[in-house]
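Everything below concerns the one structure shown next.
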Amino acid sequence: MKFKNNLLICSFLIFSFCLNFAHAQGYKIKTIVIDAGHGGFRSGAAGSFSLEKNIALQVALKLGEKLNEELPSIKIIQTRKTDVDVDWYRRAEIANEAKADIFISIHCNSMPDKKILNGYKTIKGKKVAQYKYVKNTSTSGTETFVGAYRRINEMDAGLRENEDIIKDKNYKKTQTKDPTDPEELIMLSLYKSLYRTKSLSLAQLVQKNYTELNKRVNRGVKEQGLLILQRAAMPSILTEIGFISNPTEEKYMNSESGQNEIVDAIVKAIKEYKKQTEN
Ligand SMILES: [Zn+2]
């Protein structure tokens, strides 16, 4: 078992070296997959007048159009173009099948309601605290995630963007590989480390442009066990373009000018990333 593992690691390192070498020789970004989060009956987070799935789709389609105009040599693929639900694993599969160079998933953030003390009631002679829930409308800003390698059964079930997936009845069925197999773990972690640096650079460029160009609050780049990013075998990011639970940001993300600003920030980041990685 140990020998087999070592052999596996060696062959993988040789493979990745060759891959990197091939990349150094005239690597060009050919395909970008854009993924509008949620869709159909999975509406994502809800604001006071809009839904995450619709904002994500509008921004994804605008991003695709702008990339077609400014970088016409790159093929753009959307995981959805209408208000439909696409299985989470299918989204990553679309990118893998297209041998995409970049995978970008578009989402909106949301804060859960705040539980606050709302006085006391005397019940059977005892003083009992009463609570009420109020909307948390003050948190704002943008953040971009890159995948962190975790065993599938150690995934962050509490992460908002994983919730839909964990609830999915097909979730267990679609785990084709045994997540506890040590060989599988070695392969996956090596595989992932190949894309980690590139994903981080792209995420940082996106955040830099949101902050410098769009003057948005920067909540930074985070590495988290997001299932969708883990399945995509290429540099991948999931960008949260603002808080739908914040009235100002909800308005901004629904406006033509806000969406254009967001798209411009991402397009500029892709151009900068292209310069960094191509030669
Ligand atoms: Zn989302």
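By order of appearance in the structure tokens: chains A, B, ..., then residues from 1 within every chain, and ligands from 1 in the order shown.
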List the spatial neighbours of Glu52 in chain A as a VMD selection string - criterion: any atom at most 10 Å away, only C-alpha atoms, same-chain residues fewer than 6 positions off excluded.
chain A and resid 36 to 39 42 to 46 106 to 110 243 to 244 250 253 to 254
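CA of Asn260 in chain A to CA of Leu61 in chain A spans 11.1 Å [interatomic distance, one decimal].
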Compile the contact shell of Tyr120 in chain A as a PyMOL selection string: residues with an atom at most 6 Å away, counting only C-alpha atoms, same-chain residues fewer than 2 positions apart removed.
chain A and resi 128-130
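Distances here use only C-alpha atoms and all ligand atoms; by that measure, the residue among A:Glu161, A:Asp113, A:Asp87, A:Asp101 closest to ligand 1 is A:Glu161.
Proximity of A:Gly220, A:Gly26, A:Pro112, A:Gly40 to Thr139 in chain A, computed with only C-alpha atoms, is greatest for A:Pro112.
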Range 32-274 of chain A: which residues are alpha helix (DSSP H) by DSSP, as a ChimeraX atom specification?
/A:52-70,88-97,160-167,182-212,227-231,247-254,256-274
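Proximity of A:Ile94, A:Ile123, A:Leu71, A:Leu51 to ligand 1, computed with only C-alpha atoms and all ligand atoms, is greatest for A:Leu51.
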Using only C-alpha atoms, determine which residues lie at most 7 Å from range 211-219 of chain A, disregarding the query and same-chain residues fewer than 5 positions distant; provide the list as a PyMOL selection string.
chain A and resi 140-143+261+265
Expressed in Å, the length from CA of Gln58 in chain A to CA of Phe103 in chain A is 17.2 Å
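Distances from A:Leu202, A:Leu226, A:Asn162, A:Val33 to Leu67 in chain A were compared using only C-alpha atoms, and the smallest one belongs to A:Val33.
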Near Val59 in chain A, counting only C-alpha atoms, which residues have an atom at most 8 Å away, once you skip same-chain residues fewer than 4 positions from it, shown as a ChimeraX atom specification?
/A:36,55,63,106,259,262-263
For Ala98 in chain A, the nearest of the candidates A:Gln78, A:Ser48, A:Asn68, A:Asn209, counting only C-alpha atoms
A:Gln78
Which polymer residues have any atom within 9 Å of an atom of Thr79 in chain A, counting only C-alpha atoms, with same-chain residues fewer than 6 positions away left out, as a PDB file with N, CA and C atoms, in the first residue's frame?
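And here is the file that came out, out07.pdb:
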ATOM      1  N   VAL A  33     -15.675  29.342 -18.010  1.00  0.00           N
ATOM      2  CA  VAL A  33     -17.042  28.949 -17.660  1.00  0.00           C
ATOM      3  C   VAL A  33     -17.571  29.892 -16.579  1.00  0.00           C
ATOM      4  N   ILE A  34     -18.730  30.499 -16.865  1.00  0.00           N
ATOM      5  CA  ILE A  34     -19.372  31.395 -15.902  1.00  0.00           C
ATOM      6  C   ILE A  34     -20.595  30.665 -15.335  1.00  0.00           C
ATOM      7  N   ASP A  35     -20.706  30.704 -14.023  1.00  0.00           N
ATOM      8  CA  ASP A  35     -21.773  29.967 -13.354  1.00  0.00           C
ATOM      9  C   ASP A  35     -22.639  30.932 -12.534  1.00  0.00           C
ATOM     10  N   ALA A  36     -23.871  31.126 -12.994  1.00  0.00           N
ATOM     11  CA  ALA A  36     -24.822  31.941 -12.225  1.00  0.00           C
ATOM     12  C   ALA A  36     -25.364  31.074 -11.097  1.00  0.00           C
ATOM     13  N   VAL A  86     -29.740  23.991 -12.022  1.00  0.00           N
ATOM     14  CA  VAL A  86     -28.740  23.070 -12.574  1.00  0.00           C
ATOM     15  C   VAL A  86     -28.093  22.393 -11.377  1.00  0.00           C
ATOM     16  N   ARG A  90     -23.190  19.085 -11.828  1.00  0.00           N
ATOM     17  CA  ARG A  90     -23.257  19.295 -13.272  1.00  0.00           C
ATOM     18  C   ARG A  90     -22.535  20.602 -13.655  1.00  0.00           C
ATOM     19  N   ARG A  91     -22.633  21.594 -12.783  1.00  0.00           N
ATOM     20  CA  ARG A  91     -21.978  22.886 -13.044  1.00  0.00           C
ATOM     21  C   ARG A  91     -20.466  22.711 -13.166  1.00  0.00           C
ATOM     22  N   ALA A  92     -19.886  21.947 -12.226  1.00  0.00           N
ATOM     23  CA  ALA A  92     -18.445  21.689 -12.275  1.00  0.00           C
ATOM     24  C   ALA A  92     -18.101  20.779 -13.450  1.00  0.00           C
ATOM     25  N   ILE A  94     -19.613  20.654 -16.345  1.00  0.00           N
ATOM     26  CA  ILE A  94     -19.632  21.452 -17.584  1.00  0.00           C
ATOM     27  C   ILE A  94     -18.249  22.068 -17.794  1.00  0.00           C
ATOM     28  N   ALA A  95     -17.683  22.595 -16.703  1.00  0.00           N
ATOM     29  CA  ALA A  95     -16.352  23.215 -16.780  1.00  0.00           C
ATOM     30  C   ALA A  95     -15.283  22.169 -17.067  1.00  0.00           C
TER      31      ALA A  95
END
For Lys208 in chain A, the nearest of the candidates A:Lys268, A:Lys81, A:Lys124, A:Lys30, counting only C-alpha atoms:
A:Lys268
